[in-house]
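Peer 1: First the structure, which I've put down as structure tokens, then a few questions once you've had a look.
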Protein chains: 2
Amino acid sequence: MEKRAKGRTLMSYAPDIKVVDCTLRDGGLVNDFFFTDEFAKDLYRANIKAGVDYMEFGYKASKELFDVKKFGKWKFCDDKDIRAIVGDNKTDMKISVMADVGRCDFKKDILNKKDSPIDMVRVATYINTIPAAVAMIEDCTKKGYETTVNIMAISKSNDVDIDAALELLCQSSVGTVYLVDSYGSLYPEQARRLADKYLEMANKYGKKVGIHAHNNQQLAFANTAEVVIMGVSYLDATVSGLGRGCGNCPSELLLGYLKNPKYNINPILRFIENHIVPLRESGLTWGYDVPYLLTGLLNQHPKTAIQFIKEKRTDYNDLYLELLDSF
Amino acid sequence: MEKRAKGRTLMSYAPDIKVVDCTLRDGGLVNDFFFTDEFAKDLYRANIKAGVDYMEFGYKASKELFDVKKFGKWKFCDDKDIRAIVGDNKTDMKISVMADVGRCDFKKDILNKKDSPIDMVRVATYINTIPAAVAMIEDCTKKGYETTVNIMAISKSNDVDIDAALELLCQSSVGTVYLVDSYGSLYPEQARRLADKYLEMANKYGKKVGIHAHNNQQLAFANTAEVVIMGVSYLDATVSGLGRGCGNCPSELLLGYLKNPKYNINPILRFIENHIVPLRESGLTWGYDVPYLLTGLLNQHPKTAIQFIKEKRTDYNDLYLELLDSF
């Protein structure tokens, strides 16, 4: 019944699957990247024990564009700060950072791979800045990095543009193209349709496909699990879904689902107990809530919902009417 | 790509869809059915305005087996108590109650339809008590009610038994057979496979199929949305997912998804603001949390997770090891 990659069943595992932990990076959007070193170190250790394939430390943001005093260090991910956590990272887990088109000084700030603890650079782009993304990809490839490209807000784009973008990107040196549901608006049948499109193009050019989902409609894990069946192999997750607004696909759900014997849920459960419970108790809020459902439903950026929750408003019906006004 | 009932697209609507609000019934499992009359009345009004097709008030539980002092009135659903909320219910919304095999005195407590405000009796059974369920169905049909049968804990049953149960039930006078994911353990591909089986048998005998999902793995809405495409038409939901443990498919997600023009999310948003926010503030807890994920993952009854949360424990890893012991 399902469109299913060869040999993938609910009982088996797919050796090509890579779990990418984005807790510090997407979670940093909740607390402006002010994580303690203990949090980062324990997360690093937990991810290694859990069999996670990549841990993303944060962004390589431009220090000319962003005030370093206003953000924690993982907004900028200096190599020395990563080394302070991972040393020489003599483990099987790789390190990634995200670099936004137009918001980083990649030529200067991203060193040659041989001089850096970073293994993979993930280039985040909107669909109208693909050529700039390609320039970044080629620069990073030349420097020796693995690369991915994450086309954000794809639910706002039309099929013709998506096809053209995928063709351009797959002709670059990028390793993996990500399906990103920035607004958490995709239903499983839409996620499958897009995954099908991405996989077809990726297979043609020998690329991998990844997914980064948001939980506005409680579909982040569902959409991730659905496209895994089809052959999507790079899977973004964050511990307890920590991430902007409604958050992401929770690592504990994903690791519980995947059958690859290398994955292990226990270290993540311990990390939740030791670090996520106190984080919630400290007043940090994220995760599914009605305002995020409403922006997801209307395929809008979550900023209005984030502000609504910050103001401790609960007049959900008024919010819905406001959102409809800007539909 | 999907197995899709004729004419169902994401843009269209299916006129045969019926939304069944179970907020008082499944939610009653969280607070022993102690809802205020104001809550019940406002929910009734909100459901009518939202276009909900059936509102389930609670259980018809035996007063000989259960102590009426220990539970609120919706555990027993006396006709007079329903009438106090709905009067003669001169609306398009129908009223349902649930009756558990072995835990009700249906012959005595369920009056003739012509003397009752109830329209539909939902018979809840385990797979090993199907003949008793059929006896209840026939009694209720004879009394003039619409009926459904809800085969609980289906994720613990094997295909041969499910086939036999479906055949027996579809040969009865029942109107709708429900796929019930009691433990929230079904992944979408499993929910689709079961829905396919239920629909095949139901179509053969001219019955409808319903779904009642739990949210242990954040899949209640996803599974519901997935089987809607295939032709499942009776859809259980509760406002904000209020229900035992991790709760159910949230009405606001479902009503946002369905395209039938009769459905309207606004009254539910208002109800959340006026009644669900205070209910949470009063200390009542339900909804997705790590312990429920773990029982769902291991296909177990949520009681261990409910107790764990009641004791305010957060040693999730120890809980997982305990659950594995009884796997």
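Here's how to read the names in the structure tokens: chain A, B, ... by the order shown, residue numbers from 1 in each chain, ligand numbers from 1 in the order shown.
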Mind fitting chain B to chain A by least squares on all Cα atoms in order and giving back the moved coordinates as an mmCIF file with C-alpha atoms, in the first residue's frame?
Peer 2:
```cif
data_model
loop_
_atom_site.group_PDB
_atom_site.id
_atom_site.type_symbol
_atom_site.label_atom_id
_atom_site.label_comp_id
_atom_site.auth_asym_id
_atom_site.auth_seq_id
_atom_site.Cartn_x
_atom_site.Cartn_y
_atom_site.Cartn_z
ATOM 1 C CA MET B 1 -0.046 0.010 0.022
ATOM 2 C CA GLU B 2 2.735 2.437 0.915
ATOM 3 C CA LYS B 3 5.427 3.592 -1.442
ATOM 4 C CA ARG B 4 8.272 1.878 0.308
ATOM 5 C CA ALA B 5 12.020 1.914 -0.167
ATOM 6 C CA LYS B 6 13.361 -1.544 -0.929
ATOM 7 C CA GLY B 7 13.684 -3.744 2.123
ATOM 8 C CA ARG B 8 12.184 -1.295 4.623
ATOM 9 C CA THR B 9 9.677 -2.876 6.972
ATOM 10 C CA LEU B 10 8.549 -1.914 10.450
ATOM 11 C CA MET B 11 10.603 -4.798 11.803
ATOM 12 C CA SER B 12 13.794 -4.152 9.886
ATOM 13 C CA TYR B 13 16.170 -1.228 9.894
ATOM 14 C CA ALA B 14 17.730 0.822 7.185
ATOM 15 C CA PRO B 15 21.503 1.118 7.590
ATOM 16 C CA ASP B 16 21.539 4.389 5.628
ATOM 17 C CA ILE B 17 19.487 6.217 8.287
ATOM 18 C CA LYS B 18 21.229 9.064 10.086
ATOM 19 C CA VAL B 19 19.722 10.751 13.129
ATOM 20 C CA VAL B 20 20.691 14.408 13.418
ATOM 21 C CA ASP B 21 20.256 15.932 16.877
ATOM 22 C CA CYS B 22 19.369 19.640 16.564
ATOM 23 C CA THR B 23 18.626 20.276 20.247
ATOM 24 C CA LEU B 24 21.200 23.039 20.722
ATOM 25 C CA ARG B 25 20.532 24.618 17.342
ATOM 26 C CA ASP B 26 16.729 24.684 17.088
ATOM 27 C CA GLY B 27 16.427 24.764 20.882
ATOM 28 C CA GLY B 28 18.715 27.779 20.877
ATOM 29 C CA LEU B 29 15.941 29.684 19.130
ATOM 30 C CA VAL B 30 13.943 29.337 22.377
ATOM 31 C CA ASN B 31 16.592 30.671 24.815
ATOM 32 C CA ASP B 32 18.836 32.712 22.505
ATOM 33 C CA PHE B 33 21.410 29.918 22.738
ATOM 34 C CA PHE B 34 22.128 30.433 26.429
ATOM 35 C CA PHE B 35 22.772 26.799 27.319
ATOM 36 C CA THR B 36 25.149 25.911 30.124
ATOM 37 C CA ASP B 37 28.304 24.028 29.213
ATOM 38 C CA GLU B 38 27.068 21.207 31.417
ATOM 39 C CA PHE B 39 23.901 20.948 29.293
ATOM 40 C CA ALA B 40 25.952 20.861 26.076
ATOM 41 C CA LYS B 41 28.462 18.351 27.462
ATOM 42 C CA ASP B 42 25.804 16.003 28.855
ATOM 43 C CA LEU B 43 23.852 16.234 25.600
ATOM 44 C CA TYR B 44 26.996 15.389 23.658
ATOM 45 C CA ARG B 45 27.594 12.345 25.868
ATOM 46 C CA ALA B 46 23.937 11.264 25.740
ATOM 47 C CA ASN B 47 23.850 11.532 21.955
ATOM 48 C CA ILE B 48 26.983 9.424 21.593
ATOM 49 C CA LYS B 49 25.544 6.730 23.851
ATOM 50 C CA ALA B 50 22.195 6.885 22.055
ATOM 51 C CA GLY B 51 23.863 6.189 18.706
ATOM 52 C CA VAL B 52 22.956 9.589 17.246
ATOM 53 C CA ASP B 53 24.856 10.129 13.999
ATOM 54 C CA TYR B 54 25.277 13.912 13.958
ATOM 55 C CA MET B 55 25.002 16.522 16.689
ATOM 56 C CA GLU B 56 24.338 20.055 15.529
ATOM 57 C CA PHE B 57 25.835 22.627 17.879
ATOM 58 C CA GLY B 58 24.200 25.743 16.484
ATOM 59 C CA TYR B 59 24.592 28.394 13.821
ATOM 60 C CA LYS B 60 27.598 29.962 12.204
ATOM 61 C CA ALA B 61 26.005 33.415 12.382
ATOM 62 C CA SER B 62 27.784 36.572 11.319
ATOM 63 C CA LYS B 63 29.268 38.528 14.213
ATOM 64 C CA GLU B 64 28.961 41.619 12.082
ATOM 65 C CA LEU B 65 25.208 41.190 11.679
ATOM 66 C CA PHE B 66 24.414 39.871 15.180
ATOM 67 C CA ASP B 67 25.464 41.292 18.536
ATOM 68 C CA VAL B 68 27.559 38.648 20.313
ATOM 69 C CA LYS B 69 26.433 40.055 23.672
ATOM 70 C CA LYS B 70 22.787 39.302 22.948
ATOM 71 C CA PHE B 71 23.220 35.605 22.200
ATOM 72 C CA GLY B 72 24.860 32.553 23.686
ATOM 73 C CA LYS B 73 27.906 31.080 21.994
ATOM 74 C CA TRP B 74 26.020 28.487 19.946
ATOM 75 C CA LYS B 75 24.586 31.215 17.740
ATOM 76 C CA PHE B 76 28.133 31.574 16.410
ATOM 77 C CA CYS B 77 29.722 28.169 17.019
ATOM 78 C CA ASP B 78 33.344 29.210 17.150
ATOM 79 C CA ASP B 79 35.491 26.163 16.576
ATOM 80 C CA LYS B 80 37.203 26.722 19.943
ATOM 81 C CA ASP B 81 33.828 26.600 21.743
ATOM 82 C CA ILE B 82 32.941 23.314 20.062
ATOM 83 C CA ARG B 83 36.374 21.928 20.952
ATOM 84 C CA ALA B 84 35.789 22.874 24.592
ATOM 85 C CA ILE B 85 32.891 20.391 24.578
ATOM 86 C CA VAL B 86 34.111 17.656 22.238
ATOM 87 C CA GLY B 87 37.898 17.851 22.392
ATOM 88 C CA ASP B 88 39.052 16.083 19.240
ATOM 89 C CA ASN B 89 35.700 14.247 19.101
ATOM 90 C CA LYS B 90 37.259 10.819 18.786
ATOM 91 C CA THR B 91 33.837 9.194 18.487
ATOM 92 C CA ASP B 92 31.587 7.825 15.755
ATOM 93 C CA MET B 93 29.283 10.823 16.083
ATOM 94 C CA LYS B 94 29.879 13.695 13.701
ATOM 95 C CA ILE B 95 29.478 17.409 14.416
ATOM 96 C CA SER B 96 27.380 19.752 12.313
ATOM 97 C CA VAL B 97 26.564 23.447 12.253
ATOM 98 C CA MET B 98 23.947 25.395 10.334
ATOM 99 C CA ALA B 99 24.740 28.419 8.204
ATOM 100 C CA ASP B 100 21.956 30.658 6.920
ATOM 101 C CA VAL B 101 22.237 32.191 3.477
ATOM 102 C CA GLY B 102 22.727 35.930 3.963
ATOM 103 C CA ARG B 103 23.290 35.708 7.711
ATOM 104 C CA CYS B 104 26.806 34.306 7.913
ATOM 105 C CA ASP B 105 30.340 35.125 6.794
ATOM 106 C CA PHE B 106 31.073 31.639 5.588
ATOM 107 C CA LYS B 107 34.218 32.484 3.676
ATOM 108 C CA LYS B 108 35.847 33.858 6.795
ATOM 109 C CA ASP B 109 34.118 31.991 9.629
ATOM 110 C CA ILE B 110 34.122 28.472 8.200
ATOM 111 C CA LEU B 111 37.722 27.235 8.290
ATOM 112 C CA ASN B 112 39.133 24.325 6.357
ATOM 113 C CA LYS B 113 37.803 21.016 7.597
ATOM 114 C CA LYS B 114 41.269 19.782 8.502
ATOM 115 C CA ASP B 115 41.539 22.628 11.045
ATOM 116 C CA SER B 116 38.016 22.270 12.482
ATOM 117 C CA PRO B 117 36.060 19.898 14.741
ATOM 118 C CA ILE B 118 33.066 20.331 12.409
ATOM 119 C CA ASP B 119 32.221 17.545 9.951
ATOM 120 C CA MET B 120 29.122 18.821 8.195
ATOM 121 C CA VAL B 121 27.790 22.258 7.267
ATOM 122 C CA ARG B 122 24.047 22.548 6.765
ATOM 123 C CA VAL B 123 23.133 25.424 4.471
ATOM 124 C CA ALA B 124 19.695 26.899 5.214
ATOM 125 C CA THR B 125 18.076 28.758 2.370
ATOM 126 C CA TYR B 126 14.756 30.013 1.149
ATOM 127 C CA ILE B 127 13.715 28.943 -2.291
ATOM 128 C CA ASN B 128 14.507 32.367 -3.753
ATOM 129 C CA THR B 129 18.180 32.273 -2.694
ATOM 130 C CA ILE B 130 19.235 28.959 -4.190
ATOM 131 C CA PRO B 131 22.202 30.344 -6.190
ATOM 132 C CA ALA B 132 23.643 31.876 -2.998
ATOM 133 C CA ALA B 133 23.109 28.535 -1.260
ATOM 134 C CA VAL B 134 24.955 26.752 -4.065
ATOM 135 C CA ALA B 135 27.886 29.164 -3.691
ATOM 136 C CA MET B 136 28.041 28.312 0.032
ATOM 137 C CA ILE B 137 27.775 24.582 -0.658
ATOM 138 C CA GLU B 138 30.640 24.699 -3.147
ATOM 139 C CA ASP B 139 32.792 26.700 -0.754
ATOM 140 C CA CYS B 140 32.161 24.193 2.061
ATOM 141 C CA THR B 141 32.760 21.194 -0.198
ATOM 142 C CA LYS B 142 36.047 22.699 -1.316
ATOM 143 C CA LYS B 143 37.034 23.168 2.313
ATOM 144 C CA GLY B 144 36.390 19.459 2.880
ATOM 145 C CA TYR B 145 32.995 19.368 4.637
ATOM 146 C CA GLU B 146 29.990 17.167 4.149
ATOM 147 C CA THR B 147 27.056 19.402 3.262
ATOM 148 C CA THR B 148 23.293 19.467 3.355
ATOM 149 C CA VAL B 149 20.932 22.077 2.031
ATOM 150 C CA ASN B 150 17.726 22.849 3.905
ATOM 151 C CA ILE B 151 15.083 24.559 1.775
ATOM 152 C CA MET B 152 12.932 26.276 4.368
ATOM 153 C CA ALA B 153 9.234 27.169 4.266
ATOM 154 C CA ILE B 154 8.637 24.724 1.431
ATOM 155 C CA SER B 155 4.903 24.685 2.177
ATOM 156 C CA LYS B 156 4.724 28.218 0.747
ATOM 157 C CA SER B 157 6.308 27.227 -2.574
ATOM 158 C CA ASN B 158 4.700 25.854 -5.698
ATOM 159 C CA ASP B 159 5.654 22.653 -7.449
ATOM 160 C CA VAL B 160 7.279 24.279 -10.476
ATOM 161 C CA ASP B 161 9.639 26.280 -8.264
ATOM 162 C CA ILE B 162 10.384 23.296 -6.041
ATOM 163 C CA ASP B 163 11.273 21.180 -9.088
ATOM 164 C CA ALA B 164 13.592 23.871 -10.398
ATOM 165 C CA ALA B 165 15.225 24.348 -6.995
ATOM 166 C CA LEU B 166 15.773 20.612 -6.527
ATOM 167 C CA GLU B 167 17.340 20.287 -9.967
ATOM 168 C CA LEU B 168 19.742 23.175 -9.302
ATOM 169 C CA LEU B 169 20.692 21.862 -5.863
ATOM 170 C CA CYS B 170 21.147 18.275 -6.967
ATOM 171 C CA GLN B 171 23.555 19.473 -9.659
ATOM 172 C CA SER B 172 25.716 21.004 -6.917
ATOM 173 C CA SER B 173 28.176 19.098 -4.727
ATOM 174 C CA VAL B 174 25.677 18.919 -1.855
ATOM 175 C CA GLY B 175 25.323 15.542 -0.140
ATOM 176 C CA THR B 176 21.781 15.739 1.244
ATOM 177 C CA VAL B 177 18.726 17.810 0.388
ATOM 178 C CA TYR B 178 16.318 18.465 3.259
ATOM 179 C CA LEU B 179 12.561 18.649 3.165
ATOM 180 C CA VAL B 180 11.795 21.321 5.785
ATOM 181 C CA ASP B 181 8.280 21.868 7.103
ATOM 182 C CA SER B 182 9.092 25.217 8.752
ATOM 183 C CA TYR B 183 5.503 26.038 9.624
ATOM 184 C CA GLY B 184 4.372 22.566 10.651
ATOM 185 C CA SER B 185 1.601 22.793 8.117
ATOM 186 C CA LEU B 186 2.138 19.610 6.112
ATOM 187 C CA TYR B 187 -0.241 16.702 6.569
ATOM 188 C CA PRO B 188 1.293 13.227 6.113
ATOM 189 C CA GLU B 189 -0.122 12.881 2.606
ATOM 190 C CA GLN B 190 1.527 16.172 1.637
ATOM 191 C CA ALA B 191 4.807 15.221 3.302
ATOM 192 C CA ARG B 192 4.776 11.938 1.355
ATOM 193 C CA ARG B 193 4.057 13.715 -1.914
ATOM 194 C CA LEU B 194 6.972 16.097 -1.366
ATOM 195 C CA ALA B 195 9.282 13.307 -0.184
ATOM 196 C CA ASP B 196 8.451 11.449 -3.371
ATOM 197 C CA LYS B 197 9.481 14.466 -5.426
ATOM 198 C CA TYR B 198 12.701 15.009 -3.424
ATOM 199 C CA LEU B 199 13.646 11.325 -3.561
ATOM 200 C CA GLU B 200 13.082 11.083 -7.288
ATOM 201 C CA MET B 201 15.404 13.995 -7.977
ATOM 202 C CA ALA B 202 17.942 12.924 -5.333
ATOM 203 C CA ASN B 203 18.099 9.361 -6.663
ATOM 204 C CA LYS B 204 18.732 10.706 -10.168
ATOM 205 C CA TYR B 205 21.792 12.608 -8.933
ATOM 206 C CA GLY B 206 22.992 10.216 -6.211
ATOM 207 C CA LYS B 207 22.019 12.465 -3.294
ATOM 208 C CA LYS B 208 20.359 11.687 0.031
ATOM 209 C CA VAL B 209 17.135 13.253 1.341
ATOM 210 C CA GLY B 210 16.507 14.482 4.887
ATOM 211 C CA ILE B 211 13.506 15.774 6.802
ATOM 212 C CA HIS B 212 13.150 18.517 9.396
ATOM 213 C CA ALA B 213 9.604 18.676 10.756
ATOM 214 C CA HIS B 214 7.779 20.990 13.154
ATOM 215 C CA ASN B 215 5.097 19.940 15.562
ATOM 216 C CA ASN B 216 2.374 22.577 15.119
ATOM 217 C CA GLN B 217 -0.245 19.966 14.312
ATOM 218 C CA GLN B 218 1.342 17.135 16.323
ATOM 219 C CA LEU B 219 2.647 15.720 13.064
ATOM 220 C CA ALA B 220 6.431 16.151 13.351
ATOM 221 C CA PHE B 221 7.073 12.546 14.344
ATOM 222 C CA ALA B 222 4.286 11.171 12.138
ATOM 223 C CA ASN B 223 5.634 12.930 9.053
ATOM 224 C CA THR B 224 9.174 11.822 9.854
ATOM 225 C CA ALA B 225 8.123 8.189 10.357
ATOM 226 C CA GLU B 226 6.105 8.262 7.137
ATOM 227 C CA VAL B 227 8.907 9.456 4.878
ATOM 228 C CA VAL B 228 11.437 7.095 6.478
ATOM 229 C CA ILE B 229 9.455 4.244 4.935
ATOM 230 C CA MET B 230 9.886 5.825 1.523
ATOM 231 C CA GLY B 231 13.647 6.180 1.745
ATOM 232 C CA VAL B 232 14.315 9.530 3.411
ATOM 233 C CA SER B 233 17.411 8.898 5.508
ATOM 234 C CA TYR B 234 18.611 12.044 7.332
ATOM 235 C CA LEU B 235 16.218 12.571 10.233
ATOM 236 C CA ASP B 236 16.274 15.696 12.388
ATOM 237 C CA ALA B 237 15.141 15.441 15.984
ATOM 238 C CA THR B 238 15.565 17.303 19.255
ATOM 239 C CA VAL B 239 15.332 15.982 22.811
ATOM 240 C CA SER B 240 11.736 16.422 24.011
ATOM 241 C CA GLY B 241 11.116 18.338 20.808
ATOM 242 C CA LEU B 242 12.990 21.373 22.193
ATOM 243 C CA GLY B 243 12.802 23.988 19.452
ATOM 244 C CA ARG B 244 11.222 27.212 18.333
ATOM 245 C CA GLY B 245 7.529 27.504 19.101
ATOM 246 C CA CYS B 246 5.922 24.091 19.023
ATOM 247 C CA GLY B 247 9.283 22.437 18.572
ATOM 248 C CA ASN B 248 10.474 19.500 16.531
ATOM 249 C CA CYS B 249 10.299 15.750 16.165
ATOM 250 C CA PRO B 250 11.195 14.439 19.651
ATOM 251 C CA SER B 251 14.361 12.301 19.719
ATOM 252 C CA GLU B 252 12.765 9.885 22.191
ATOM 253 C CA LEU B 253 9.868 9.156 19.814
ATOM 254 C CA LEU B 254 12.185 8.735 16.853
ATOM 255 C CA LEU B 255 14.727 6.530 18.642
ATOM 256 C CA GLY B 256 11.882 4.408 20.013
ATOM 257 C CA TYR B 257 10.608 3.904 16.475
ATOM 258 C CA LEU B 258 13.841 3.173 14.625
ATOM 259 C CA LYS B 259 15.003 -0.420 14.653
ATOM 260 C CA ASN B 260 18.662 0.116 13.899
ATOM 261 C CA PRO B 261 20.384 -1.741 16.767
ATOM 262 C CA LYS B 262 22.886 1.090 17.210
ATOM 263 C CA TYR B 263 20.118 3.364 18.550
ATOM 264 C CA ASN B 264 19.344 3.405 22.224
ATOM 265 C CA ILE B 265 16.629 5.448 23.934
ATOM 266 C CA ASN B 266 17.951 5.147 27.516
ATOM 267 C CA PRO B 267 20.626 7.892 27.504
ATOM 268 C CA ILE B 268 18.050 10.305 26.104
ATOM 269 C CA LEU B 269 15.565 9.391 28.855
ATOM 270 C CA ARG B 270 18.262 10.143 31.422
ATOM 271 C CA PHE B 271 19.079 13.431 29.728
ATOM 272 C CA ILE B 272 15.411 14.449 29.851
ATOM 273 C CA GLU B 273 15.295 13.660 33.547
ATOM 274 C CA ASN B 274 18.501 15.564 34.303
ATOM 275 C CA HIS B 275 18.223 18.526 31.959
ATOM 276 C CA ILE B 276 14.851 18.902 30.253
ATOM 277 C CA VAL B 277 12.713 18.658 33.401
ATOM 278 C CA PRO B 278 14.748 21.471 35.059
ATOM 279 C CA LEU B 279 14.655 23.511 31.844
ATOM 280 C CA ARG B 280 10.838 23.369 31.829
ATOM 281 C CA GLU B 281 10.755 24.161 35.543
ATOM 282 C CA SER B 282 12.912 27.226 34.873
ATOM 283 C CA GLY B 283 10.024 28.611 32.834
ATOM 284 C CA LEU B 284 11.223 27.930 29.305
ATOM 285 C CA THR B 285 8.202 27.014 27.160
ATOM 286 C CA TRP B 286 7.997 25.103 23.916
ATOM 287 C CA GLY B 287 5.918 22.316 22.472
ATOM 288 C CA TYR B 288 2.463 21.833 21.011
ATOM 289 C CA ASP B 289 -0.122 24.412 22.025
ATOM 290 C CA VAL B 290 -3.247 25.828 20.401
ATOM 291 C CA PRO B 291 -1.611 29.010 19.008
ATOM 292 C CA TYR B 292 0.949 26.930 17.109
ATOM 293 C CA LEU B 293 -1.770 24.693 15.749
ATOM 294 C CA LEU B 294 -3.444 27.805 14.352
ATOM 295 C CA THR B 295 -0.347 29.166 12.576
ATOM 296 C CA GLY B 296 0.386 25.667 11.265
ATOM 297 C CA LEU B 297 -3.163 25.242 10.018
ATOM 298 C CA LEU B 298 -2.920 28.574 8.198
ATOM 299 C CA ASN B 299 0.606 27.837 6.895
ATOM 300 C CA GLN B 300 2.065 30.882 8.603
ATOM 301 C CA HIS B 301 5.322 31.705 10.392
ATOM 302 C CA PRO B 302 4.954 30.916 14.124
ATOM 303 C CA LYS B 303 6.085 34.382 15.287
ATOM 304 C CA THR B 304 2.526 35.564 16.034
ATOM 305 C CA ALA B 305 1.886 32.460 18.133
ATOM 306 C CA ILE B 306 5.217 32.834 19.969
ATOM 307 C CA GLN B 307 4.345 36.438 20.849
ATOM 308 C CA PHE B 308 0.806 35.426 21.914
ATOM 309 C CA ILE B 309 2.183 32.831 24.334
ATOM 310 C CA LYS B 310 4.864 35.232 25.610
ATOM 311 C CA GLU B 311 2.075 37.664 26.526
ATOM 312 C CA LYS B 312 0.285 34.823 28.351
ATOM 313 C CA ARG B 313 -2.836 35.427 26.277
ATOM 314 C CA THR B 314 -5.437 32.646 26.031
ATOM 315 C CA ASP B 315 -8.023 34.300 23.757
ATOM 316 C CA TYR B 316 -7.477 31.666 21.092
ATOM 317 C CA ASN B 317 -10.507 32.598 19.071
ATOM 318 C CA ASP B 318 -9.351 36.220 18.761
ATOM 319 C CA LEU B 319 -5.899 35.005 17.718
ATOM 320 C CA TYR B 320 -7.485 32.864 15.012
ATOM 321 C CA LEU B 321 -9.418 35.858 13.676
ATOM 322 C CA GLU B 322 -6.221 37.956 13.696
ATOM 323 C CA LEU B 323 -4.336 35.248 11.814
ATOM 324 C CA LEU B 324 -7.127 34.957 9.253
ATOM 325 C CA ASP B 325 -6.698 38.692 8.621
ATOM 326 C CA SER B 326 -3.138 38.099 7.459
ATOM 327 C CA PHE B 327 -3.882 34.866 5.602
#
```
Peer 1: Select from range 85-269 of chain B everything DSSP, run on the backbone, classes as alpha helix (DSSP H), then give the selection as a ChimeraX atom specification.
Peer 2: /B:85-86,106-109,130-142,159-170,188-205,220-230,251-257,266-269
Peer 1: For the strand (DSSP E) assignment from backbone DSSP, which residues of range 37-268 of chain A qualify? Please present them as a PyMOL selection string.
Peer 2: chain A and resi 54-59+94-100+120-125+146-151+176-180+208-212+234-237
